[in-house]
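Novice: One structure is given below, represented as structure tokens, and several questions about it will come after.
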Amino acid sequence: MRNPNITIAILAIFYAVGIVGATLPIHPDFLLLTPFNLLLSLVLVLWHHPQWSKSTYIVLISSLVVGYFAELFGVQTGLLFGDYYYEQVLGPKLWDTPPMIGVNWILLTYSAGVLVNHLAPNWHWAAKAAIAAAAMVLLDVVIEPVAIHYHFWQWTDGYPPLQNYAGWFVIAFPLQLLFMKTQGFIRNKVAIALFLLQWAFFLSLFLVSSVVSYRLSVISF
């Protein structure tokens with residue numbers, strides 16, 4: 001029997017270990033486990049998907065393909081998100097873009113969509129799509145400084161431009177429209193927990209990286 005509470009506990013342990021491991025001196029090697037963590041999160045979340053259908057596969061595959069090729073286009077041209085490049089944390093790269101970033105797009109699209117479905121079940125599907133896309137963008141605001149500090153990816157100018165967040169919404173909104181139109185009835189407690197755990201994970205690492213940067217600046221001074 002699938003017990004969502006047990007699955008949530010497993011995810012919480014993995015993310016807690018991730019926070020501790022990322023802050024230890026060995027963190028460059030520890031962070032190379034990020035692809036495994038993303039895949040594990042995806043498997044556990046989808047294990048609790050309540051009702052599989054053709055439209056479910058369409059949403060998941062669309063999130064993977066659109067997310068990956070949007071990142072690929074962004075890396076190659078700088079036109080969508082700004083000028084940035086990936087380092088090694090997210091695993092092997094294809095055309096300078098790790099396919100694992102597509103898995104991340106699945107996770108964020110699905111979990112944000114399920115969360116908004118839970119919070120506003122009776123809202124129009126287009127309104128829910130806009131809110132879910134905005135939630136994804138807000139999470140990216142927290143992710144960016146952590147990703148830069150821990151070398152997930154780097155920006156040519158050292159920081160993400162506003163264009164990055166606009167680009168995120170441009171990609172996330174149509175994916176959420178598809179999700180809400182076809183999966184607007186879906187309830188998945190594990191997906192909600194995952195989205196909140198990602199917030200907790202990146203906020204924690206943001207605070208840690210901020211403290212480390214402050215101490216280094218004090219020492220340098």
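Ordered as shown in the structure tokens, chains take letters A, B, and onward, while each chain numbers its residues from 1 and ligands are numbered from 1 in the order shown.
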Find the spatial neighbours of segment 65-75 of chain A, counting only C-alpha atoms, within a cut-off of 6 Å - ignore same-chain residues fewer than 4 positions away - and output them as an MDAnalysis selection string.
Specialist: chainID A and resid 79:81 85 97 102 105
Novice: As an MDAnalysis selection string, please: the residues near Ala193 of chain A (cut-off 12 Å, only C-alpha atoms, same-chain neighbours under 2 positions excluded).
Specialist: chainID A and resid 4:12 15 41 44:45 48 107:108 110:112 114:115 118 187:191 195:201
Novice: Take the selection from the previous step and output its residues with C-alpha atoms, as an mmCIF file, in the first residue's frame.
Specialist:
```
data_model
loop_
_atom_site.group_PDB
_atom_site.id
_atom_site.type_symbol
_atom_site.label_atom_id
_atom_site.label_comp_id
_atom_site.auth_asym_id
_atom_site.auth_seq_id
_atom_site.Cartn_x
_atom_site.Cartn_y
_atom_site.Cartn_z
ATOM 1 C CA PRO A 4 2.160 9.235 1.301
ATOM 2 C CA ASN A 5 3.314 10.084 4.821
ATOM 3 C CA ILE A 6 6.141 7.557 4.619
ATOM 4 C CA THR A 7 7.156 8.874 1.210
ATOM 5 C CA ILE A 8 7.130 12.453 2.490
ATOM 6 C CA ALA A 9 9.314 11.396 5.420
ATOM 7 C CA ILE A 10 11.793 9.788 3.006
ATOM 8 C CA LEU A 11 11.912 12.944 0.888
ATOM 9 C CA ALA A 12 12.331 15.120 3.982
ATOM 10 C CA TYR A 15 16.521 16.968 1.523
ATOM 11 C CA SER A 41 12.070 12.881 -6.176
ATOM 12 C CA LEU A 44 8.429 9.113 -5.525
ATOM 13 C CA VAL A 45 6.101 11.925 -6.560
ATOM 14 C CA HIS A 48 1.587 8.666 -5.805
ATOM 15 C CA LEU A 107 9.041 18.274 -10.996
ATOM 16 C CA LEU A 108 8.352 21.988 -10.752
ATOM 17 C CA TYR A 110 3.773 19.044 -11.661
ATOM 18 C CA SER A 111 4.293 19.964 -8.002
ATOM 19 C CA ALA A 112 3.400 23.649 -8.442
ATOM 20 C CA VAL A 114 -0.852 20.198 -7.771
ATOM 21 C CA LEU A 115 -0.247 22.743 -4.999
ATOM 22 C CA HIS A 118 -5.127 22.092 -3.702
ATOM 23 C CA ARG A 187 -4.554 15.593 -5.801
ATOM 24 C CA ASN A 188 -1.127 14.406 -4.689
ATOM 25 C CA LYS A 189 -0.009 15.057 -1.124
ATOM 26 C CA VAL A 190 3.568 14.053 -1.911
ATOM 27 C CA ALA A 191 3.841 16.594 -4.743
ATOM 28 C CA PHE A 195 7.320 21.778 -3.588
ATOM 29 C CA LEU A 196 7.474 22.961 0.032
ATOM 30 C CA LEU A 197 10.627 20.910 0.647
ATOM 31 C CA GLN A 198 12.277 22.564 -2.336
ATOM 32 C CA TRP A 199 11.446 25.949 -0.844
ATOM 33 C CA ALA A 200 12.907 24.870 2.508
ATOM 34 C CA PHE A 201 15.984 23.367 0.850
#
```
Novice: Which residue out of A:Ile106, A:Ile19, A:Val43, A:Ala130 has the minimum interatomic distance to Leu177 of chain A when only C-alpha atoms are used?
Specialist: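 Result for the nearest residue to Leu177 of chain A: A:Ala130.
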Novice: With distances taken over only C-alpha atoms, which of A:Ala147, A:Val89, A:Met100, A:Ala127 is nearest to Gly184 of chain A?
Specialist: A:Ala127
Novice: When DSSP is applied to the backbone of this structure, which of segment 80-181 of chain A are assigned alpha helix (DSSP H)? Write them out as a PyMOL selection string.
Specialist: chain A and resi 100-119+125-149+162-181
Novice: May I have all residues of segment 83-205 of chain A that DSSP, computed from the backbone, assigns to strand (DSSP E), given as a PyMOL selection string?
Specialist: chain A and resi 84-86+153-155
Novice: Filtering to N, CA and C atoms, could you give me those residues as a PDB file, in the first residue's frame?
Specialist:
```
ATOM      1  N   TYR A  84      24.065  32.582 -19.790  1.00  0.00           N
ATOM      2  CA  TYR A  84      24.484  31.715 -18.693  1.00  0.00           C
ATOM      3  C   TYR A  84      25.024  30.407 -19.265  1.00  0.00           C
ATOM      4  N   TYR A  85      25.663  29.626 -18.397  1.00  0.00           N
ATOM      5  CA  TYR A  85      26.168  28.318 -18.816  1.00  0.00           C
ATOM      6  C   TYR A  85      26.109  27.365 -17.625  1.00  0.00           C
ATOM      7  N   TYR A  86      25.973  26.096 -17.917  1.00  0.00           N
ATOM      8  CA  TYR A  86      25.887  25.075 -16.875  1.00  0.00           C
ATOM      9  C   TYR A  86      27.265  24.554 -16.508  1.00  0.00           C
ATOM     10  N   TRP A 153      25.038  26.456 -12.119  1.00  0.00           N
ATOM     11  CA  TRP A 153      25.237  27.204 -13.362  1.00  0.00           C
ATOM     12  C   TRP A 153      25.767  28.585 -13.010  1.00  0.00           C
ATOM     13  N   GLN A 154      26.238  29.306 -14.017  1.00  0.00           N
ATOM     14  CA  GLN A 154      26.793  30.640 -13.796  1.00  0.00           C
ATOM     15  C   GLN A 154      26.251  31.596 -14.852  1.00  0.00           C
ATOM     16  N   TRP A 155      26.112  32.855 -14.436  1.00  0.00           N
ATOM     17  CA  TRP A 155      25.680  33.914 -15.347  1.00  0.00           C
ATOM     18  C   TRP A 155      26.894  34.715 -15.796  1.00  0.00           C
TER      19      TRP A 155
END
```
Novice: Go through A:Leu139, A:Leu194, A:Gly82, A:Glu87 and flag the residue nearest Tyr159 of chain A, using only C-alpha atoms for the distances.
Specialist: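 Checking each of A:Leu139, A:Leu194, A:Gly82, A:Glu87 against Tyr159 of chain A, counting only C-alpha atoms, the winner is A:Gly82.
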Novice: Between atom CA of Leu46 of chain A and atom CA of Leu205 of chain A, what is the distance, to one decimal in Å?
Specialist: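 Between atom CA of Leu46 of chain A and atom CA of Leu205 of chain A the gap is 26.0 Å.
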Novice: With only C-alpha atoms as the counted atoms, please give the residues lying no more than 12 Å from Val17 of chain A, apart from itself and same-chain residues fewer than 3 positions off, as JSON, numbers by chain.
Specialist: {"A": [10, 11, 12, 13, 14, 20, 21, 22, 23, 24, 27, 30, 31, 33, 34, 37, 201, 205]}
Novice: For the selection just defined, write its residues with C-alpha atoms to a file, as an mmCIF file, in the first residue's frame.
Specialist:
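Output saved as again_36.cif:
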```cif
data_model
loop_
_atom_site.group_PDB
_atom_site.id
_atom_site.type_symbol
_atom_site.label_atom_id
_atom_site.label_comp_id
_atom_site.auth_asym_id
_atom_site.auth_seq_id
_atom_site.Cartn_x
_atom_site.Cartn_y
_atom_site.Cartn_z
ATOM 1 C CA ILE A 10 11.793 9.788 3.006
ATOM 2 C CA LEU A 11 11.912 12.944 0.888
ATOM 3 C CA ALA A 12 12.331 15.120 3.982
ATOM 4 C CA ILE A 13 15.271 13.001 5.123
ATOM 5 C CA PHE A 14 16.933 13.194 1.715
ATOM 6 C CA VAL A 20 23.884 19.188 5.660
ATOM 7 C CA GLY A 21 25.982 17.620 2.915
ATOM 8 C CA ALA A 22 26.051 20.784 0.833
ATOM 9 C CA THR A 23 27.372 22.792 3.767
ATOM 10 C CA LEU A 24 30.204 20.389 4.649
ATOM 11 C CA HIS A 27 30.185 19.534 -0.698
ATOM 12 C CA PHE A 30 28.336 15.644 -2.481
ATOM 13 C CA LEU A 31 26.486 17.939 -4.852
ATOM 14 C CA LEU A 33 24.505 13.438 -6.312
ATOM 15 C CA THR A 34 21.985 16.102 -7.374
ATOM 16 C CA ASN A 37 18.098 13.311 -5.911
ATOM 17 C CA PHE A 201 15.984 23.367 0.850
ATOM 18 C CA LEU A 205 21.166 26.934 1.469
#
```
Novice: From the list A:Pro145, A:Pro174, A:Gly167, A:Pro50, which residue is nearest Thr109 of chain A when using only C-alpha atoms?
Specialist: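 Among A:Pro145, A:Pro174, A:Gly167, A:Pro50, it is A:Pro174 that comes nearest to Thr109 of chain A.
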Novice: Between A:Leu94, A:Met136, A:Ile192, A:Leu40, which residue has the minimum interatomic distance to Leu119 of chain A, considering only C-alpha atoms?
Specialist: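 For Leu119 of chain A, the nearest of the given residues is A:Ile192.
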Novice: Identify which of the residues A:Phe169, A:Phe202, A:Trp95, A:Phe179 lies closest to Val142 of chain A, counting only C-alpha atoms when measuring atom-to-atom distances.
Specialist: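 Counting only C-alpha atoms, the residue closest to Val142 of chain A is A:Phe202.
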